[in-house]
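Text of query_13.txt (compact mmCIF, C-alpha atoms) as supplied:
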```txt
# COMPACT_ATOMS: atom_id res chain seq x y z
CA MET A 2 23.45 48.37 88.51
CA SER A 3 23.23 50.57 85.40
CA GLY A 4 19.96 50.94 83.57
CA PRO A 5 19.24 49.98 79.94
CA ASN A 6 21.02 51.85 77.17
CA PRO A 7 18.46 54.20 75.53
CA ALA A 8 20.31 54.15 72.19
CA LEU A 9 20.42 50.34 72.14
CA ALA A 10 16.77 50.19 73.12
CA GLY A 11 15.92 52.43 70.18
CA VAL A 12 17.85 50.19 67.78
CA GLN A 13 16.12 47.11 69.14
CA ARG A 14 12.71 48.73 68.73
CA ARG A 15 13.34 49.81 65.13
CA ALA A 16 14.86 46.42 64.28
CA ALA A 17 11.76 44.66 65.57
CA GLU A 18 9.44 46.92 63.59
CA ASN A 19 11.40 47.23 60.34
CA PRO A 20 13.48 44.42 58.78
CA ASP A 21 15.36 46.94 56.63
CA ALA A 22 16.47 48.82 59.76
CA ARG A 23 17.47 45.52 61.35
CA TYR A 24 19.79 44.51 58.50
CA ARG A 25 21.25 48.01 58.14
CA ALA A 26 22.06 48.01 61.84
CA PHE A 27 23.67 44.59 61.36
CA ASP A 28 25.89 45.91 58.55
CA SER A 29 26.75 49.18 60.29
CA TYR A 30 28.09 47.44 63.40
CA PRO A 31 31.82 48.32 63.86
CA TRP A 32 33.08 44.85 62.99
CA ALA A 33 36.65 45.87 62.15
CA LYS A 34 37.09 47.60 65.54
CA ASP A 35 35.71 44.71 67.61
CA ARG A 36 38.80 42.75 68.67
CA VAL A 37 36.72 40.04 70.31
CA PHE A 38 34.88 39.48 67.06
CA THR A 39 38.18 39.35 65.14
CA GLU A 40 39.37 36.53 67.40
CA GLN A 41 36.04 34.72 67.04
CA LEU A 42 36.21 35.15 63.26
CA SER A 43 39.73 33.69 63.07
CA THR A 44 38.59 30.65 65.03
CA ALA A 45 35.52 30.22 62.82
CA LEU A 46 37.56 30.43 59.63
CA SER A 47 40.06 27.87 60.92
CA ASN A 48 37.21 25.42 61.61
CA ALA A 49 35.24 26.18 58.46
CA GLN A 50 36.69 23.38 56.34
CA SER A 51 36.14 20.72 59.00
CA SER A 52 32.56 21.96 59.40
CA GLY A 53 31.88 21.80 55.66
CA LEU A 54 31.31 25.55 55.40
CA SER A 55 32.69 28.14 53.05
CA LEU A 56 34.68 30.98 54.59
CA SER A 57 31.92 33.50 53.87
CA GLU A 58 29.28 31.26 55.46
CA ALA A 59 31.44 30.73 58.56
CA ALA A 60 32.04 34.47 58.78
CA LEU A 61 28.32 35.22 58.53
CA ARG A 62 27.58 32.80 61.35
CA ALA A 63 30.26 34.42 63.49
CA ARG A 64 28.76 37.85 62.76
CA ILE A 65 25.26 36.74 63.68
CA GLN A 66 26.47 35.22 66.94
CA ARG A 67 28.49 38.30 67.95
CA PHE A 68 25.73 40.74 66.95
CA GLU A 69 23.19 38.88 69.07
CA GLN A 70 25.62 38.90 72.00
CA GLN A 71 26.03 42.64 71.78
CA THR A 72 22.50 43.80 70.86
CA GLN A 73 20.14 40.88 71.66
CA ILE A 74 18.90 41.16 68.06
CA ASN A 75 18.59 37.93 66.11
CA ILE A 76 19.50 37.90 62.41
CA GLU A 77 18.24 35.15 60.12
CA SER A 78 20.93 34.14 57.65
CA ASP A 79 18.69 33.38 54.64
CA ALA A 80 16.58 36.50 55.13
CA TYR A 81 19.70 38.65 55.35
CA LYS A 82 21.11 37.16 52.14
CA GLN A 83 17.80 37.82 50.38
CA TRP A 84 17.84 41.42 51.60
CA LEU A 85 21.37 41.90 50.20
CA SER A 86 20.26 40.52 46.85
CA GLN A 87 17.15 42.73 46.68
CA THR A 88 18.98 45.91 47.63
CA ASN A 89 22.08 45.17 45.48
CA LEU A 90 24.31 45.81 48.49
CA GLN A 91 27.65 44.21 49.32
CA PRO A 92 28.46 42.94 52.80
CA PRO A 93 30.54 45.40 54.83
CA ARG A 94 34.27 45.02 55.33
CA ILE A 95 34.52 43.22 58.65
CA ILE A 96 38.34 43.10 58.84
CA SER A 97 40.60 46.12 59.25
CA GLU A 98 43.48 46.81 56.90
CA GLN A 99 45.87 46.58 59.86
CA THR A 100 44.69 43.04 60.59
CA ILE A 101 45.15 42.04 56.95
CA ALA A 102 48.63 43.56 56.93
CA MET A 103 49.51 41.64 60.09
CA GLU A 104 48.41 38.39 58.43
CA VAL A 105 50.55 39.15 55.39
CA MET A 106 53.59 39.80 57.59
CA THR A 107 53.19 36.70 59.75
CA VAL A 108 51.65 34.05 57.45
CA PRO A 109 53.92 33.20 54.50
CA ASN A 110 51.74 30.38 53.12
CA LEU A 111 48.99 31.84 50.94
CA GLU A 112 46.66 28.93 51.67
CA ASP A 113 46.77 29.79 55.37
CA ARG A 114 45.76 33.42 54.89
CA LYS A 115 42.14 32.80 55.75
CA LEU A 116 41.25 36.45 56.28
CA ALA A 117 42.51 37.42 52.83
CA GLN A 118 40.71 34.47 51.26
CA LEU A 119 37.52 35.53 53.02
CA LEU A 120 37.75 38.99 51.49
CA VAL A 121 38.18 37.40 48.07
CA GLU A 122 34.96 35.42 48.57
CA LEU A 123 33.17 38.60 49.64
CA GLY A 124 34.37 40.45 46.52
CA ASP A 125 36.69 42.82 48.38
CA PRO A 126 39.74 43.74 46.22
CA LEU A 127 41.86 44.01 49.35
CA GLY A 128 41.85 40.22 49.54
CA GLU A 129 43.45 39.79 46.11
CA LEU A 130 46.05 42.40 46.98
CA ALA A 131 46.89 40.63 50.25
CA LEU A 132 47.33 37.29 48.47
CA GLN A 133 49.82 38.86 46.06
CA GLN A 134 52.10 40.06 48.83
CA ILE A 135 55.07 37.98 49.94
CA THR A 136 56.01 37.69 53.57
CA PRO A 137 59.48 39.21 54.06
CA GLU A 138 62.23 36.93 55.25
CA PRO A 139 63.07 37.49 58.92
CA ALA A 140 66.45 39.02 59.64
CA ASN A 141 69.11 36.69 61.05
CA ILE A 142 69.27 38.30 64.47
CA SER A 143 69.77 36.34 67.65
CA VAL A 144 66.90 36.82 70.04
CA PRO A 145 67.25 36.15 73.77
CA SER A 146 65.33 33.16 75.07
CA TRP A 147 63.24 35.29 77.42
CA GLN A 148 62.13 37.46 74.49
CA SER A 149 61.21 34.45 72.38
CA ALA A 150 59.06 33.08 75.20
CA ALA A 151 57.33 36.42 75.82
CA PRO A 152 53.69 36.65 74.68
CA THR A 153 53.00 38.73 71.60
CA ALA A 154 50.09 41.08 71.04
CA GLU A 155 49.02 43.56 68.41
CA LEU A 156 49.82 47.15 69.15
CA TYR A 157 47.14 49.77 68.68
CA VAL A 158 47.76 53.50 68.81
CA THR A 159 44.79 55.69 69.51
CA ARG A 160 45.05 58.84 67.56
CA GLY A 161 43.54 61.92 69.06
CA PRO A 162 41.37 64.25 67.01
CA THR A 163 43.30 66.80 64.98
CA SER A 164 42.90 70.45 65.74
CA THR A 165 40.51 72.33 63.49
CA ASP A 166 41.33 75.77 64.86
CA PRO A 167 42.25 77.92 61.80
CA ASP A 168 44.24 80.33 64.01
CA LYS A 169 46.74 77.65 64.98
CA GLU A 170 49.68 77.11 62.63
CA PRO A 171 50.74 73.47 62.13
CA TYR A 172 54.13 72.43 63.47
CA PRO A 173 56.90 71.53 60.99
CA LYS A 174 56.74 67.96 59.79
CA ASN A 175 60.34 67.00 60.45
CA PHE A 176 63.54 68.02 62.14
CA GLU A 177 65.14 69.33 58.94
CA GLU A 178 62.45 71.98 58.57
CA ILE A 179 63.09 73.22 62.11
CA VAL A 180 66.84 73.46 61.40
CA GLU A 181 66.07 75.43 58.23
CA PHE A 182 63.90 77.86 60.20
CA LEU A 183 66.69 78.37 62.74
CA HIS A 184 69.36 78.97 60.08
CA SER A 185 67.21 81.43 58.13
CA GLY A 186 66.02 83.28 61.22
CA LYS A 187 62.37 82.78 60.31
CA ALA A 188 59.73 82.25 62.95
CA ILE A 189 58.77 78.61 63.47
CA PRO A 190 55.04 78.09 62.81
CA GLY A 191 53.06 77.22 65.90
CA ILE A 192 55.61 78.75 68.32
CA ARG A 193 54.36 81.74 70.23
CA GLN A 194 56.70 84.76 70.16
CA ILE A 195 57.18 86.38 73.59
CA PRO A 196 58.98 89.81 73.69
CA ASP A 197 62.24 89.84 75.66
CA THR A 198 61.23 92.79 77.87
CA VAL A 199 60.15 93.28 81.46
CA ILE A 200 57.21 95.59 82.08
CA GLU A 201 57.37 97.18 85.53
CA ASP A 202 54.23 97.95 87.48
CA PRO A 203 54.19 101.71 88.26
CA THR A 204 52.22 101.07 91.41
CA ILE A 205 55.11 99.08 92.93
CA THR A 206 58.17 100.95 94.32
CA PRO A 207 61.40 99.44 95.69
CA HIS A 208 61.55 102.04 98.49
CA GLY A 209 59.51 101.38 101.60
CA ARG A 210 57.18 103.96 103.15
CA LEU A 211 57.66 102.96 106.81
CA GLU A 212 60.48 104.12 109.07
CA ALA A 213 63.05 101.58 110.14
CA PRO A 214 62.57 100.40 113.75
CA PRO A 215 65.31 101.35 116.28
CA LYS A 216 68.20 99.02 117.00
CA PRO A 217 68.17 97.19 120.35
CA TRP A 218 70.98 99.35 121.75
CA GLU A 219 69.18 102.50 120.67
CA ILE A 220 66.10 101.85 122.75
CA GLY A 221 65.89 104.21 125.85
CA ARG A 222 68.91 106.34 124.94
CA THR A 223 68.98 110.01 123.92
CA SER A 224 71.58 112.01 122.08
CA SER A 225 72.40 114.17 125.17
CA ALA A 226 72.99 111.17 127.41
CA GLU A 227 75.03 109.50 124.74
CA TYR A 228 77.60 112.30 124.52
CA SER A 229 77.61 113.68 128.17
CA GLU A 230 81.03 113.75 129.92
CA PRO A 231 81.55 112.07 133.35
CA PRO A 232 81.80 114.46 136.40
CA ALA A 233 85.37 115.55 137.48
CA LYS A 234 86.78 114.19 140.76
CA GLU A 235 87.44 116.71 143.66
CA SER A 236 91.11 117.23 144.64
CA GLY A 237 92.47 116.73 148.21
CA THR A 238 90.13 114.05 149.13
```
What would you get if you wrote out this structure as structure tokens?
Amino acid sequence: MSGPNPALAGVQRRAAENPDARYRAFDSYPWAKDRVFTEQLSTALSNAQSSGLSLSEAALRARIQRFEQQTQINIESDAYKQWLSQTNLQPPRIISEQTIAMEVMTVPNLEDRKLAQLLVELGDPLGELALQQITPEPANISVPSWQSAAPTAELYVTRGPTSTDPDKEPYPKNFEEIVEFLHSGKAIPGIRQIPDTVIEDPTITPHGRLEAPPKPWEIGRTSSAEYSEPPAKESGT
């Protein structure tokens, strides 16, 4: 079992001692990157009207609940609103631009775009922009039944950190630039040039220093025995 998180323990200690630190930690939480919170927020906004709550009030309750789940720090709604008023701060953006764009693409009815309406209530200009966009008409393409029944999910691509090495040239941005480099004979940035030569090691020679071993038929034979003539036969016998 893993021990307590020292960083979280430090946040909890400062939040207990200083209300300002508590509310700043509440606002600095990565709301837009928390996919669980985004799902909880969508559910809360859908039920806001039946609960007699405004979208901003339902969102604040969802934030308080999720923040307490993650940090065990309780936020009082009225005290947090008073702190925002005294510090002249605006609530943070709790919805990513990708999520808003997905709502615009999939929800044609403006009244059903709860996330965009929430941003309008919070004074975020992105909400007004999202409500001005029109959902494009789907193309008339036949889709197989198995594809229609397949579950859908948002796709996220994690981008790696870009290189900050000044010695490394960036690669061309598109294929046309590479073709232009090839036609002009210029070196392509970022491609290492290796000379087309072979450097031989002077300490290595193709000729061996050891004598070749004798053949099997050469073992035990001498040059005199090899060329000696057989003795002549005596006559009259």
Within 10 Å of region 87-102 of chain A, which residues of region 12-69 of chain A come that close, and what is the closest atom pair and distance in Å for each? Count all atoms listed in the file and give it as JSON lines.
```
{"residue": "A:Asp21", "atom": "CA", "partner": "A:Thr88", "partner_atom": "CA", "distance": 9.8}
{"residue": "A:Phe27", "atom": "CA", "partner": "A:Pro93", "partner_atom": "CA", "distance": 9.5}
{"residue": "A:Asp28", "atom": "CA", "partner": "A:Pro93", "partner_atom": "CA", "distance": 6.0}
{"residue": "A:Ser29", "atom": "CA", "partner": "A:Pro93", "partner_atom": "CA", "distance": 7.6}
{"residue": "A:Tyr30", "atom": "CA", "partner": "A:Ile95", "partner_atom": "CA", "distance": 9.0}
{"residue": "A:Pro31", "atom": "CA", "partner": "A:Ile95", "partner_atom": "CA", "distance": 7.8}
{"residue": "A:Trp32", "atom": "CA", "partner": "A:Ile95", "partner_atom": "CA", "distance": 4.9}
{"residue": "A:Ala33", "atom": "CA", "partner": "A:Ile96", "partner_atom": "CA", "distance": 4.6}
{"residue": "A:Lys34", "atom": "CA", "partner": "A:Ser97", "partner_atom": "CA", "distance": 7.4}
{"residue": "A:Asp35", "atom": "CA", "partner": "A:Ile95", "partner_atom": "CA", "distance": 9.2}
{"residue": "A:Arg36", "atom": "CA", "partner": "A:Ile96", "partner_atom": "CA", "distance": 9.8}
{"residue": "A:Phe38", "atom": "CA", "partner": "A:Ile95", "partner_atom": "CA", "distance": 9.2}
{"residue": "A:Thr39", "atom": "CA", "partner": "A:Ile96", "partner_atom": "CA", "distance": 7.3}
{"residue": "A:Leu42", "atom": "CA", "partner": "A:Ile96", "partner_atom": "CA", "distance": 9.3}
{"residue": "A:Ala60", "atom": "CA", "partner": "A:Ile95", "partner_atom": "CA", "distance": 9.1}
{"residue": "A:Leu61", "atom": "CA", "partner": "A:Pro92", "partner_atom": "CA", "distance": 9.6}
{"residue": "A:Arg64", "atom": "CA", "partner": "A:Ile95", "partner_atom": "CA", "distance": 8.9}
```
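Using only C-alpha atoms, the shortest contact distance between Asp113 (chain A) and any of A:Pro203, A:Ala131, A:Ala26, A:Ala150 is found at A:Ala131.
CA of Leu56 (chain A) to CA of Leu116 (chain A) spans 8.7 Å [interatomic distance, one decimal].
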> So, counting all atoms listed in the file, which residue among A:Glu201, A:Lys115, A:Gly128, A:Lys187 is closest to Asn48 (chain A)?
Replying inline: A:Lys115
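Separating CA of Leu132 (chain A) from CA of Ala151 (chain A) is a distance of 29.1 Å.
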>> Rounded to one decimal, what separation in Å do you get between CA of Val105 (chain A) and CA of Glu129 (chain A)?
In response: 11.7 Å
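Proximity ranking of A:Ala117, A:Ile135, A:Ala22, A:Leu211 relative to Tyr81 (chain A) places A:Ala22 first, based on all atoms listed in the file.
Nearest residue to Lys82 (chain A) among A:Ala49, A:Pro126, A:Leu111, A:Tyr24 is A:Tyr24, counting all atoms listed in the file.
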Output: region 40-53 of chain A of the preceding structure, restricted to N, CA and C atoms, written as a PDB file, in the first residue's frame.
```pdb
ATOM      1  N   GLU A  40     -17.581  14.319 -17.388  1.00  0.00           N
ATOM      2  CA  GLU A  40     -18.794  13.488 -17.433  1.00  0.00           C
ATOM      3  C   GLU A  40     -19.745  13.851 -16.295  1.00  0.00           C
ATOM      4  N   GLN A  41     -19.190  14.059 -15.098  1.00  0.00           N
ATOM      5  CA  GLN A  41     -20.026  14.463 -13.968  1.00  0.00           C
ATOM      6  C   GLN A  41     -20.679  15.815 -14.232  1.00  0.00           C
ATOM      7  N   LEU A  42     -19.935  16.731 -14.841  1.00  0.00           N
ATOM      8  CA  LEU A  42     -20.474  18.058 -15.139  1.00  0.00           C
ATOM      9  C   LEU A  42     -21.620  17.964 -16.147  1.00  0.00           C
ATOM     10  N   SER A  43     -21.464  17.155 -17.176  1.00  0.00           N
ATOM     11  CA  SER A  43     -22.535  17.006 -18.177  1.00  0.00           C
ATOM     12  C   SER A  43     -23.810  16.469 -17.539  1.00  0.00           C
ATOM     13  N   THR A  44     -23.657  15.507 -16.633  1.00  0.00           N
ATOM     14  CA  THR A  44     -24.827  14.971 -15.934  1.00  0.00           C
ATOM     15  C   THR A  44     -25.477  16.032 -15.053  1.00  0.00           C
ATOM     16  N   ALA A  45     -24.651  16.812 -14.360  1.00  0.00           N
ATOM     17  CA  ALA A  45     -25.184  17.848 -13.474  1.00  0.00           C
ATOM     18  C   ALA A  45     -25.911  18.929 -14.262  1.00  0.00           C
ATOM     19  N   LEU A  46     -25.394  19.301 -15.416  1.00  0.00           N
ATOM     20  CA  LEU A  46     -26.051  20.327 -16.223  1.00  0.00           C
ATOM     21  C   LEU A  46     -27.362  19.824 -16.806  1.00  0.00           C
ATOM     22  N   SER A  47     -27.407  18.542 -17.156  1.00  0.00           N
ATOM     23  CA  SER A  47     -28.654  17.975 -17.686  1.00  0.00           C
ATOM     24  C   SER A  47     -29.752  17.953 -16.634  1.00  0.00           C
ATOM     25  N   ASN A  48     -29.368  17.795 -15.371  1.00  0.00           N
ATOM     26  CA  ASN A  48     -30.355  17.719 -14.279  1.00  0.00           C
ATOM     27  C   ASN A  48     -30.562  19.053 -13.577  1.00  0.00           C
ATOM     28  N   ALA A  49     -29.901  20.096 -14.061  1.00  0.00           N
ATOM     29  CA  ALA A  49     -29.976  21.384 -13.355  1.00  0.00           C
ATOM     30  C   ALA A  49     -31.392  21.955 -13.360  1.00  0.00           C
ATOM     31  N   GLN A  50     -32.058  21.910 -14.510  1.00  0.00           N
ATOM     32  CA  GLN A  50     -33.388  22.505 -14.594  1.00  0.00           C
ATOM     33  C   GLN A  50     -34.379  21.784 -13.701  1.00  0.00           C
ATOM     34  N   SER A  51     -34.327  20.455 -13.686  1.00  0.00           N
ATOM     35  CA  SER A  51     -35.257  19.709 -12.829  1.00  0.00           C
ATOM     36  C   SER A  51     -34.961  19.924 -11.359  1.00  0.00           C
ATOM     37  N   SER A  52     -33.720  20.287 -11.032  1.00  0.00           N
ATOM     38  CA  SER A  52     -33.356  20.544  -9.634  1.00  0.00           C
ATOM     39  C   SER A  52     -33.556  21.996  -9.237  1.00  0.00           C
ATOM     40  N   GLY A  53     -33.996  22.837 -10.169  1.00  0.00           N
ATOM     41  CA  GLY A  53     -34.218  24.245  -9.868  1.00  0.00           C
ATOM     42  C   GLY A  53     -32.928  25.024  -9.700  1.00  0.00           C
TER      43      GLY A  53
END
```
